[in-house]
Amino acid sequence: MFTGIDEVDWASMRHAYGTAEDVPGWLRALASADTAERATALDGMYGAVHHQGRVYDATLACVPFLLSLAAREQVPDRACIVELLVSIGAESTDGDPRAWEAVSAGGEVFVALAGDPDPAVRRAAAAAVVRFLDEPPRVLDLLRRWLRAERDDRVLRALTEALGLFARRCPGHAEAAVALLAEHSVPPAAPGLRLAALGQLALGAPARPPADLVPTAVRLLRERSAHRARVPEPSGADTLVQRIRRLRPSDEEGSQLLRTLHTALGDRVQDRIALLTGQLSSPDPVDRCNAVWMSAGLFRGWRGDFTGPVGLLGRQLHAEQDWLREAALSVLSELFALAAPAADDLHALVAARPDLWTHRWEHGSPTLGGPLRALARTGDPRAVPAMARLLAGPAAPDGLGFDIAHLGPAAAPLAPALRHRLGRIPLDSPTAARQAAPLLSALGAVGDREAAPEVLRLLSGAPDGLGARDAIVGLAIDTLEACGAAGHAVRPLRALLRTRHAAAAAGALWSVDGDTAAVLPVLLRELRHGDPAGRRLAGRQLGRLGPAAVPALPELGEAARSGPALERASAACALWRVGADPEPVLPVFRAAWTEDPRTRGPVARCLTTMGSAAAPLRDLVAGERSAVRRHTAREGGYGSRDIPEDEALSRACGEVLAGL
């Protein structure tokens with residue numbers, strides 16, 4: 001297995017964390033009889049040699065030895081080695097073709113593994129023969145014979161997925177592969193296999209699945225779950241793994257089957273809602289939990305009427321299983337106002353379980369518990385009494401004010417307690433900004449005019465003696481303005497006109513006395529020389545001045561023609577509000593809208609003020625309004641504010657169209 005391994009100059013090669021001298025030890029450990037040793041070696045291979053999908057020279061040097069290990073029946077856990085080879089050859093993040101070539105050179109190894117006695121190895125080899133055997137007719141024939149001979153359900157499902165992959169990779173031979181998939185999508189195939197085949201058909205041949213695809217999938221899911229429930233646990237010792245599975249059961253295979261269907265349905269949001277509704281209505285709590293986690297992806301990435309599925313998420317809060325309730329709370333707390341159909345269920349849980357109002361961690365301060373956070377983020381005033389209790393306690397959760405802010409004026413009864421806490425923050429504390437930020441957000445949302453003394457206290461010592469409080473000066477100014485109390489802060493605001501907070505201070509001063517001559521030079525200076533955030537803020541403040549800022553039109557025009565899209569869009573918005581001339585503004589809006597989706601919200605809000613002058617951009621606005629994908633949907637993750645930002649954009653687009 002390791003012939004020639006010592007002749008390789010590993011010391012001259014690199015992996016993610018430096019020299020590859022440790023790689024021969026990992027390769028040898030993969031053949032060890034010791035489970036822990038094999039696991040450590042596999043971690044090293046994934047964590048360093050194939051770190052985050054990258055291919056290094058050490059990765060390529062490993063491939064022949066990994067192929068040799070995979071071919072030896074006496075090597076334990078060979079399925080993991082085959083999966084590693086598939087990952088190396090198929091998922092190079094930098095597009096390096098050498099990895100595929102290296103693994104493909106051992107394609108016959110995977111062909112031989114089709115008859116391996118270990119079903120886990122056969123399951124891993126199914127995709128490998130499609131990816132690394134460059135002879136489509138031979139691959140199709142192998143899969144056909146393998147399907148007829150195979151008896152293991154999990155391997156059969158892997159073969160079905162391999163057929164789908166083959167149909168997508170080899171369109172010239174897809175018809176025969178699709179016919180095989182269709183053959184396994186109907187009885188007498190088992191429910192799980194039929195689900196797998198339907199998913200692959202929907203992915204690769206959308207015209208082939210039945211017209212009643214979603215009802216069929218829901219029925220098959222329930223048949224599969226009923227069969228799974230009848231399968232007894234393995235006999236023998238009561239292991240730790242078995243106990244953990246009883247405490248938090250899972251069905252990753254079932255989850256993957258349904259994820260494939262959701263992926264295939266793509267932008268067919270109504271069909272996906274129907275599928276999700278069927279999943280969330282399942283009698284099996286594991287199926288419902290899988291559906292809860294899948295719903296998050298649909299809500300974050302697509303628009304639609306989610307009243308039904310969100311209401312079903314609320315019903316999971318009454319489940320006997322803690323893990324199901326926790327999953328539902330995790331999703332609901334990220335939906336903000338979209339979670340309103342579950343508000344009654346959230347309130348019932350808040351009322352019945354005060355112990356869930358906070359979440360206590362092993363280390364660190366408590367945080368707001370899921371039920372109360374989700375209820376507050378819907379804007380439901382029924383969250384106020386519980387919030388009042390927490391604020392009256394000795395240790396309110398960290399960041400509580402950020403969630404109170406979603407209640408808006410309904411949180412007015414909490415204002416005295418918020419002011420009290422803000423007034424107790426030590427001004428010289430290094431954590432003063434972190435403590436004050438959530439309280440300022442809440443007081444600003446409430447619009448509490450009586451908070452002026454406590455907010456002004458945070459600005460004492462400006463501009464040079466703020467210390468850690470400098471980080472929240474902008475938020476403090478915004479809070480004073482939101483509370484209508486900026487007039488109490490004229491002196492510290494003037495002191496801030498020569499700092500990085502100049503644009504915010506100038507806007508607040510103008511809101512007090514309307515003295516354009518005093519603030520216009522400051523805002524122009526920030527527009528020309530500020531950092532990117534400062535330039536955008538200066539543009540917004542100039543827009544507030546309206547026609548009084550006409551002397552700034554040349555600078556705003558210059559800013560609208562250069563720089564990143566966000567800055568150009570901000571300047572163009574101000575250009576419209578000051579000059580009311582759509583001609584220089586609309587081309588900037590069109591370009592920024594396409595270039596950077598983050599500009600669409602501010603641009604749409606500006607368009608709502610333009611009336612018929614916005615008509616040339618009707619196509620952009622109408623297209624956004626009718627789009628099923630959220631403008632915030634992106635690869636590689638999401639932000640916690642993505643859903644409310646997109647909902648606000650959709651509403652603004654509706655207002656623009658109504659104005660036209």
# chains A, B, ... in the order shown; residues from 1 in each chain; ligands from 1
call {"tool": "select_by_dssp", "arguments": {"residues": "stretch 425-553 of chain A", "states": "helix (DSSP H, G or I)", "output": "ChimeraX atom specification"}}
result
/A:432-446,449-458,467-482,486-498,502-513,516-529,532-553
call {"tool": "closest_atom_pairs", "arguments": {"of": "stretch 44-80 of chain A", "to": "stretch 5-8 of chain A", "cutoff": "12 Å", "atoms": "only C-alpha atoms", "output": "CSV"}}
result
residue,atom,partner,partner_atom,distance
A:Asp57,CA,A:Val8,CA,11.5
A:Ala58,CA,A:Val8,CA,9.8
A:Leu60,CA,A:Val8,CA,11.6
A:Ala61,CA,A:Val8,CA,8.0
A:Cys62,CA,A:Ile5,CA,9.1
A:Val63,CA,A:Ile5,CA,11.4
A:Pro64,CA,A:Ile5,CA,9.7
A:Phe65,CA,A:Ile5,CA,7.9
A:Leu66,CA,A:Ile5,CA,11.4
A:Ser68,CA,A:Ile5,CA,11.7
call {"tool": "write_last_selection", "arguments": {"atoms": "all heavy atoms", "output": "PDB file, in the first residue's frame"}}
result
ATOM      1  N   ASP A  57       0.234  20.609  -3.746  1.00  0.00           N
ATOM      2  CA  ASP A  57       1.082  19.570  -4.329  1.00  0.00           C
ATOM      3  C   ASP A  57       1.083  18.322  -3.459  1.00  0.00           C
ATOM      4  O   ASP A  57       1.120  17.188  -3.954  1.00  0.00           O
ATOM      5  CB  ASP A  57       2.511  20.098  -4.547  1.00  0.00           C
ATOM      6  CG  ASP A  57       3.100  20.773  -3.326  1.00  0.00           C
ATOM      7  OD1 ASP A  57       2.421  20.827  -2.276  1.00  0.00           O
ATOM      8  OD2 ASP A  57       4.255  21.249  -3.411  1.00  0.00           O
ATOM      9  N   ALA A  58       0.976  18.508  -2.132  1.00  0.00           N
ATOM     10  CA  ALA A  58       0.904  17.355  -1.230  1.00  0.00           C
ATOM     11  C   ALA A  58      -0.388  16.568  -1.449  1.00  0.00           C
ATOM     12  O   ALA A  58      -0.408  15.339  -1.306  1.00  0.00           O
ATOM     13  CB  ALA A  58       0.998  17.814   0.220  1.00  0.00           C
ATOM     14  N   LEU A  60      -1.971  16.113  -4.308  1.00  0.00           N
ATOM     15  CA  LEU A  60      -1.780  15.280  -5.500  1.00  0.00           C
ATOM     16  C   LEU A  60      -0.867  14.091  -5.196  1.00  0.00           C
ATOM     17  O   LEU A  60      -1.106  12.977  -5.687  1.00  0.00           O
ATOM     18  CB  LEU A  60      -1.189  16.124  -6.625  1.00  0.00           C
ATOM     19  CG  LEU A  60      -2.053  17.304  -7.103  1.00  0.00           C
ATOM     20  CD1 LEU A  60      -1.294  18.153  -8.097  1.00  0.00           C
ATOM     21  CD2 LEU A  60      -3.354  16.799  -7.715  1.00  0.00           C
ATOM     22  N   ALA A  61       0.143  14.337  -4.366  1.00  0.00           N
ATOM     23  CA  ALA A  61       1.073  13.251  -4.041  1.00  0.00           C
ATOM     24  C   ALA A  61       0.401  12.159  -3.218  1.00  0.00           C
ATOM     25  O   ALA A  61       0.843  11.000  -3.229  1.00  0.00           O
ATOM     26  CB  ALA A  61       2.278  13.817  -3.284  1.00  0.00           C
ATOM     27  N   CYS A  62      -0.654  12.494  -2.516  1.00  0.00           N
ATOM     28  CA  CYS A  62      -1.378  11.520  -1.680  1.00  0.00           C
ATOM     29  C   CYS A  62      -2.256  10.576  -2.491  1.00  0.00           C
ATOM     30  O   CYS A  62      -2.556   9.460  -2.045  1.00  0.00           O
ATOM     31  CB  CYS A  62      -2.275  12.246  -0.680  1.00  0.00           C
ATOM     32  SG  CYS A  62      -1.418  12.998   0.691  1.00  0.00           S
ATOM     33  N   VAL A  63      -2.717  11.029  -3.661  1.00  0.00           N
ATOM     34  CA  VAL A  63      -3.763  10.306  -4.381  1.00  0.00           C
ATOM     35  C   VAL A  63      -3.400   8.852  -4.670  1.00  0.00           C
ATOM     36  O   VAL A  63      -4.213   7.943  -4.408  1.00  0.00           O
ATOM     37  CB  VAL A  63      -4.162  11.064  -5.660  1.00  0.00           C
ATOM     38  CG1 VAL A  63      -5.054  10.204  -6.550  1.00  0.00           C
ATOM     39  CG2 VAL A  63      -4.878  12.362  -5.306  1.00  0.00           C
ATOM     40  N   PRO A  64      -2.216   8.532  -5.175  1.00  0.00           N
ATOM     41  CA  PRO A  64      -1.918   7.117  -5.441  1.00  0.00           C
ATOM     42  C   PRO A  64      -1.987   6.241  -4.200  1.00  0.00           C
ATOM     43  O   PRO A  64      -2.448   5.088  -4.260  1.00  0.00           O
ATOM     44  CB  PRO A  64      -0.491   7.155  -6.017  1.00  0.00           C
ATOM     45  CG  PRO A  64      -0.321   8.538  -6.538  1.00  0.00           C
ATOM     46  CD  PRO A  64      -1.120   9.409  -5.631  1.00  0.00           C
ATOM     47  N   PHE A  65      -1.553   6.764  -3.072  1.00  0.00           N
ATOM     48  CA  PHE A  65      -1.584   5.984  -1.836  1.00  0.00           C
ATOM     49  C   PHE A  65      -3.018   5.821  -1.322  1.00  0.00           C
ATOM     50  O   PHE A  65      -3.392   4.767  -0.805  1.00  0.00           O
ATOM     51  CB  PHE A  65      -0.701   6.649  -0.778  1.00  0.00           C
ATOM     52  CG  PHE A  65       0.725   6.812  -1.222  1.00  0.00           C
ATOM     53  CD1 PHE A  65       1.222   8.060  -1.567  1.00  0.00           C
ATOM     54  CD2 PHE A  65       1.558   5.717  -1.356  1.00  0.00           C
ATOM     55  CE1 PHE A  65       2.522   8.218  -2.003  1.00  0.00           C
ATOM     56  CE2 PHE A  65       2.868   5.858  -1.793  1.00  0.00           C
ATOM     57  CZ  PHE A  65       3.359   7.109  -2.121  1.00  0.00           C
ATOM     58  N   LEU A  66      -3.843   6.860  -1.492  1.00  0.00           N
ATOM     59  CA  LEU A  66      -5.248   6.750  -1.101  1.00  0.00           C
ATOM     60  C   LEU A  66      -5.968   5.731  -1.973  1.00  0.00           C
ATOM     61  O   LEU A  66      -6.804   4.950  -1.481  1.00  0.00           O
ATOM     62  CB  LEU A  66      -5.930   8.118  -1.213  1.00  0.00           C
ATOM     63  CG  LEU A  66      -5.473   9.187  -0.215  1.00  0.00           C
ATOM     64  CD1 LEU A  66      -6.068  10.550  -0.569  1.00  0.00           C
ATOM     65  CD2 LEU A  66      -5.863   8.807   1.211  1.00  0.00           C
ATOM     66  N   SER A  68      -4.608   3.145  -3.367  1.00  0.00           N
ATOM     67  CA  SER A  68      -4.133   1.830  -2.928  1.00  0.00           C
ATOM     68  C   SER A  68      -4.835   1.395  -1.648  1.00  0.00           C
ATOM     69  O   SER A  68      -5.228   0.234  -1.498  1.00  0.00           O
ATOM     70  CB  SER A  68      -2.617   1.879  -2.723  1.00  0.00           C
ATOM     71  OG  SER A  68      -2.117   0.616  -2.337  1.00  0.00           O
TER      72      SER A  68
END
call {"tool": "atom_distance", "arguments": {"atom1": "atom CA of A:Arg131", "atom2": "atom CA of A:Asn290"}}
result
29.1 Å
call {"tool": "residues_around", "arguments": {"residues": "A:Asp642", "least_positions_apart": "6", "cutoff": "10 Å", "atoms": "only C-alpha atoms", "output": "mmCIF file with all heavy atoms, in the first residue's frame"}}
result
data_model
loop_
_atom_site.group_PDB
_atom_site.id
_atom_site.type_symbol
_atom_site.label_atom_id
_atom_site.label_comp_id
_atom_site.auth_asym_id
_atom_site.auth_seq_id
_atom_site.Cartn_x
_atom_site.Cartn_y
_atom_site.Cartn_z
ATOM 1 N N ARG A 300 -35.333 32.594 3.595
ATOM 2 C CA ARG A 300 -34.233 33.544 3.387
ATOM 3 C C ARG A 300 -34.007 33.863 1.918
ATOM 4 O O ARG A 300 -33.593 34.975 1.582
ATOM 5 C CB ARG A 300 -32.923 32.967 3.949
ATOM 6 C CG ARG A 300 -32.861 32.852 5.441
ATOM 7 C CD ARG A 300 -31.604 32.080 5.826
ATOM 8 N NE ARG A 300 -31.621 31.688 7.228
ATOM 9 C CZ ARG A 300 -31.057 30.595 7.690
ATOM 10 N NH1 ARG A 300 -30.432 29.763 6.865
ATOM 11 N NH2 ARG A 300 -31.099 30.308 8.978
ATOM 12 N N GLY A 301 -34.244 32.899 1.049
ATOM 13 C CA GLY A 301 -33.865 33.074 -0.344
ATOM 14 C C GLY A 301 -34.974 33.468 -1.283
ATOM 15 O O GLY A 301 -34.701 33.989 -2.371
ATOM 16 N N GLU A 334 -35.343 34.491 13.285
ATOM 17 C CA GLU A 334 -34.674 35.171 12.176
ATOM 18 C C GLU A 334 -35.663 35.708 11.141
ATOM 19 O O GLU A 334 -35.247 36.277 10.138
ATOM 20 C CB GLU A 334 -33.689 34.219 11.488
ATOM 21 C CG GLU A 334 -32.567 33.735 12.386
ATOM 22 C CD GLU A 334 -31.699 34.867 12.912
ATOM 23 O OE1 GLU A 334 -31.500 35.853 12.172
ATOM 24 O OE2 GLU A 334 -31.228 34.783 14.062
ATOM 25 N N LEU A 335 -36.957 35.530 11.384
ATOM 26 C CA LEU A 335 -37.953 35.950 10.397
ATOM 27 C C LEU A 335 -38.486 37.347 10.649
ATOM 28 O O LEU A 335 -39.135 37.930 9.774
ATOM 29 C CB LEU A 335 -39.129 34.957 10.368
ATOM 30 C CG LEU A 335 -38.801 33.521 9.978
ATOM 31 C CD1 LEU A 335 -40.084 32.697 9.883
ATOM 32 C CD2 LEU A 335 -38.047 33.467 8.659
ATOM 33 N N ARG A 630 -35.205 36.737 -3.360
ATOM 34 C CA ARG A 630 -34.893 37.929 -2.579
ATOM 35 C C ARG A 630 -33.622 38.573 -3.142
ATOM 36 O O ARG A 630 -32.694 37.886 -3.537
ATOM 37 C CB ARG A 630 -34.685 37.583 -1.111
ATOM 38 C CG ARG A 630 -35.940 37.045 -0.427
ATOM 39 C CD ARG A 630 -35.784 37.062 1.085
ATOM 40 N NE ARG A 630 -36.934 36.467 1.741
ATOM 41 C CZ ARG A 630 -38.092 37.076 1.962
ATOM 42 N NH1 ARG A 630 -38.252 38.323 1.556
ATOM 43 N NH2 ARG A 630 -39.084 36.459 2.583
ATOM 44 N N HIS A 631 -33.568 39.890 -3.113
ATOM 45 C CA HIS A 631 -32.382 40.569 -3.643
ATOM 46 C C HIS A 631 -31.181 40.343 -2.729
ATOM 47 O O HIS A 631 -30.041 40.536 -3.149
ATOM 48 C CB HIS A 631 -32.655 42.068 -3.809
ATOM 49 C CG HIS A 631 -32.482 42.888 -2.565
ATOM 50 N ND1 HIS A 631 -33.327 42.803 -1.476
ATOM 51 C CD2 HIS A 631 -31.534 43.804 -2.228
ATOM 52 C CE1 HIS A 631 -32.926 43.640 -0.537
ATOM 53 N NE2 HIS A 631 -31.845 44.260 -0.960
ATOM 54 N N THR A 632 -31.427 39.911 -1.487
ATOM 55 C CA THR A 632 -30.338 39.652 -0.545
ATOM 56 C C THR A 632 -29.821 38.227 -0.646
ATOM 57 O O THR A 632 -28.852 37.881 0.035
ATOM 58 C CB THR A 632 -30.822 39.903 0.893
ATOM 59 O OG1 THR A 632 -32.091 39.248 1.081
ATOM 60 C CG2 THR A 632 -30.998 41.383 1.160
ATOM 61 N N ALA A 633 -30.480 37.366 -1.432
ATOM 62 C CA ALA A 633 -30.038 35.977 -1.554
ATOM 63 C C ALA A 633 -28.684 35.945 -2.228
ATOM 64 O O ALA A 633 -28.467 36.581 -3.251
ATOM 65 C CB ALA A 633 -31.053 35.170 -2.364
#
call {"tool": "closest_residue", "arguments": {"among": "A:Gly444, A:Gly543, A:Gly474, A:Gly308", "to": "A:Arg419", "atoms": "only C-alpha atoms"}}
result
A:Gly444
call {"tool": "residues_around", "arguments": {"residues": "stretch 142-146 of chain A", "least_positions_apart": "6", "cutoff": "10 Å", "atoms": "only C-alpha atoms", "output": "PyMOL selection string"}}
result
chain A and resi 111+114-115+122+126+129-130+136+155-156+159-160+162-163+166+176-177+180
call {"tool": "write_last_selection", "arguments": {"atoms": "all heavy atoms", "output": "tab-separated table (two decimals), in the first residue's frame"}}
result
chain	number	residue	atom	x	y	z
A	111	VAL	N	-14.35	1.03	-10.17
A	111	VAL	CA	-15.12	-0.01	-10.85
A	111	VAL	C	-15.09	-1.30	-10.03
A	111	VAL	O	-16.12	-1.95	-9.82
A	111	VAL	CB	-14.56	-0.26	-12.27
A	111	VAL	CG1	-15.28	-1.45	-12.92
A	111	VAL	CG2	-14.72	0.99	-13.14
A	114	ALA	N	-17.42	-1.59	-7.00
A	114	ALA	CA	-18.84	-1.85	-7.21
A	114	ALA	C	-19.24	-3.22	-6.66
A	114	ALA	O	-20.41	-3.44	-6.32
A	114	ALA	CB	-19.19	-1.76	-8.69
A	115	GLY	N	-18.29	-4.15	-6.57
A	115	GLY	CA	-18.58	-5.47	-6.03
A	115	GLY	C	-18.01	-5.69	-4.65
A	115	GLY	O	-17.91	-6.83	-4.19
A	122	ARG	N	-19.41	0.53	-1.30
A	122	ARG	CA	-20.16	0.57	-2.56
A	122	ARG	C	-20.93	1.89	-2.67
A	122	ARG	O	-21.01	2.48	-3.76
A	122	ARG	CB	-21.13	-0.63	-2.64
A	122	ARG	CG	-20.46	-1.99	-2.60
A	122	ARG	CD	-21.37	-3.09	-3.13
A	122	ARG	NE	-22.64	-3.21	-2.43
A	122	ARG	CZ	-22.85	-3.89	-1.31
A	122	ARG	NH1	-21.83	-4.52	-0.74
A	122	ARG	NH2	-24.05	-3.97	-0.77
A	126	ALA	N	-20.32	4.80	-5.80
A	126	ALA	CA	-21.32	5.03	-6.85
A	126	ALA	C	-21.06	6.34	-7.59
A	126	ALA	O	-21.05	6.38	-8.82
A	126	ALA	CB	-22.72	5.02	-6.23
A	129	VAL	N	-17.58	6.37	-9.81
A	129	VAL	CA	-17.49	5.81	-11.17
A	129	VAL	C	-18.03	6.80	-12.20
A	129	VAL	O	-17.56	6.84	-13.34
A	129	VAL	CB	-18.23	4.45	-11.27
A	129	VAL	CG1	-17.58	3.41	-10.39
A	129	VAL	CG2	-19.71	4.59	-10.95
A	130	VAL	N	-19.01	7.62	-11.79
A	130	VAL	CA	-19.55	8.62	-12.72
A	130	VAL	C	-18.55	9.75	-12.93
A	130	VAL	O	-18.34	10.23	-14.05
A	130	VAL	CB	-20.89	9.17	-12.20
A	130	VAL	CG1	-21.38	10.31	-13.08
A	130	VAL	CG2	-21.93	8.06	-12.15
A	136	PRO	N	-18.62	7.12	-20.97
A	136	PRO	CA	-20.05	7.14	-20.66
A	136	PRO	C	-20.80	5.85	-20.95
A	136	PRO	O	-21.58	5.39	-20.09
A	136	PRO	CB	-20.57	8.32	-21.48
A	136	PRO	CG	-19.40	9.22	-21.60
A	136	PRO	CD	-18.21	8.32	-21.71
A	155	VAL	N	-27.33	1.87	-0.67
A	155	VAL	CA	-26.53	1.84	-1.89
A	155	VAL	C	-27.41	2.11	-3.10
A	155	VAL	O	-27.02	2.83	-4.03
A	155	VAL	CB	-25.79	0.50	-2.04
A	155	VAL	CG1	-24.96	0.49	-3.32
A	155	VAL	CG2	-24.89	0.24	-0.84
A	156	LEU	N	-28.63	1.55	-3.10
A	156	LEU	CA	-29.55	1.81	-4.21
A	156	LEU	C	-29.85	3.30	-4.33
A	156	LEU	O	-29.90	3.84	-5.44
A	156	LEU	CB	-30.84	1.02	-4.00
A	156	LEU	CG	-30.77	-0.48	-4.32
A	156	LEU	CD1	-32.01	-1.19	-3.80
A	156	LEU	CD2	-30.61	-0.70	-5.83
A	159	LEU	N	-26.89	4.95	-5.87
A	159	LEU	CA	-26.84	4.68	-7.30
A	159	LEU	C	-27.84	5.55	-8.06
A	159	LEU	O	-27.57	6.00	-9.19
A	159	LEU	CB	-27.13	3.20	-7.57
A	159	LEU	CG	-26.00	2.23	-7.20
A	159	LEU	CD1	-26.49	0.78	-7.23
A	159	LEU	CD2	-24.82	2.41	-8.16
A	160	THR	N	-28.98	5.80	-7.45
A	160	THR	CA	-29.97	6.68	-8.07
A	160	THR	C	-29.42	8.09	-8.21
A	160	THR	O	-29.56	8.74	-9.26
A	160	THR	CB	-31.26	6.70	-7.22
A	160	THR	OG1	-31.75	5.36	-7.09
A	160	THR	CG2	-32.32	7.56	-7.87
A	162	ALA	N	-26.27	8.80	-8.39
A	162	ALA	CA	-25.21	8.71	-9.40
A	162	ALA	C	-25.80	8.75	-10.81
A	162	ALA	O	-25.23	9.37	-11.72
A	162	ALA	CB	-24.40	7.43	-9.20
A	163	LEU	N	-26.95	8.11	-11.00
A	163	LEU	CA	-27.62	8.16	-12.31
A	163	LEU	C	-28.02	9.59	-12.66
A	163	LEU	O	-27.88	10.03	-13.81
A	163	LEU	CB	-28.85	7.27	-12.30
A	163	LEU	CG	-28.72	5.84	-12.82
A	163	LEU	CD1	-30.04	5.11	-12.66
A	163	LEU	CD2	-28.28	5.83	-14.29
A	166	PHE	N	-24.98	11.42	-13.64
A	166	PHE	CA	-24.58	10.98	-14.98
A	166	PHE	C	-25.42	11.68	-16.05
A	166	PHE	O	-24.89	12.15	-17.06
A	166	PHE	CB	-24.73	9.46	-15.10
A	166	PHE	CG	-24.42	8.92	-16.46
A	166	PHE	CD1	-23.12	8.59	-16.81
A	166	PHE	CD2	-25.42	8.74	-17.41
A	166	PHE	CE1	-22.82	8.11	-18.09
A	166	PHE	CE2	-25.14	8.24	-18.67
A	166	PHE	CZ	-23.83	7.93	-19.01
A	176	ALA	N	-31.18	7.40	-21.67
A	176	ALA	CA	-31.18	6.06	-21.09
A	176	ALA	C	-31.11	6.14	-19.56
A	176	ALA	O	-31.75	5.34	-18.86
A	176	ALA	CB	-30.00	5.26	-21.63
A	177	ALA	N	-30.35	7.10	-19.05
A	177	ALA	CA	-30.25	7.25	-17.60
A	177	ALA	C	-31.59	7.69	-17.02
A	177	ALA	O	-32.02	7.20	-15.96
A	177	ALA	CB	-29.16	8.26	-17.25
A	180	LEU	N	-33.95	4.81	-16.70
A	180	LEU	CA	-33.66	3.99	-15.51
A	180	LEU	C	-34.21	4.66	-14.26
A	180	LEU	O	-34.75	4.00	-13.36
A	180	LEU	CB	-32.16	3.78	-15.37
A	180	LEU	CG	-31.53	2.68	-16.23
A	180	LEU	CD1	-30.01	2.73	-16.12
A	180	LEU	CD2	-32.04	1.31	-15.78
call {"tool": "residues_around", "arguments": {"residues": "stretch 317-330 of chain A", "least_positions_apart": "5", "cutoff": "12 Å", "atoms": "only C-alpha atoms", "output": "ChimeraX atom specification"}}
result
/A:245-250,280,283-296,309-312,335-336,339,342-350,352-353,356,359,369-375,640
call {"tool": "residues_around", "arguments": {"residues": "A:Thr307", "least_positions_apart": "6", "cutoff": "10 Å", "atoms": "only C-alpha atoms", "output": "PyMOL selection string"}}
result
chain A and resi 273+313+338-342
call {"tool": "closest_residue", "arguments": {"among": "A:Arg224, A:Arg98, A:Arg303, A:Arg457", "to": "A:Ala432", "atoms": "only C-alpha atoms"}}
result
A:Arg457
call {"tool": "closest_residue", "arguments": {"among": "A:Pro76, A:Gly601, A:Gly89, A:Gly164", "to": "A:Thr59", "atoms": "only C-alpha atoms"}}
result
A:Gly89
call {"tool": "atom_distance", "arguments": {"atom1": "atom CA of A:Met45", "atom2": "atom CA of A:Met13"}}
result
14.3 Å
call {"tool": "residues_around", "arguments": {"residues": "A:Ser562", "least_positions_apart": "3", "cutoff": "12 Å", "atoms": "only C-alpha atoms", "output": "list in words"}}
result
Arg528, Glu555, Leu556, Gly557, Glu558, Ala559, Ala565, Leu566, Glu567, Arg568, Ala569, Ser570, Ala571, Ala572, Val588, Ala591 and Ala592 of chain A
call {"tool": "closest_residue", "arguments": {"among": "A:His488, A:Thr479, A:Glu73, A:Ala410", "to": "A:Leu440", "atoms": "only C-alpha atoms"}}
result
A:Thr479
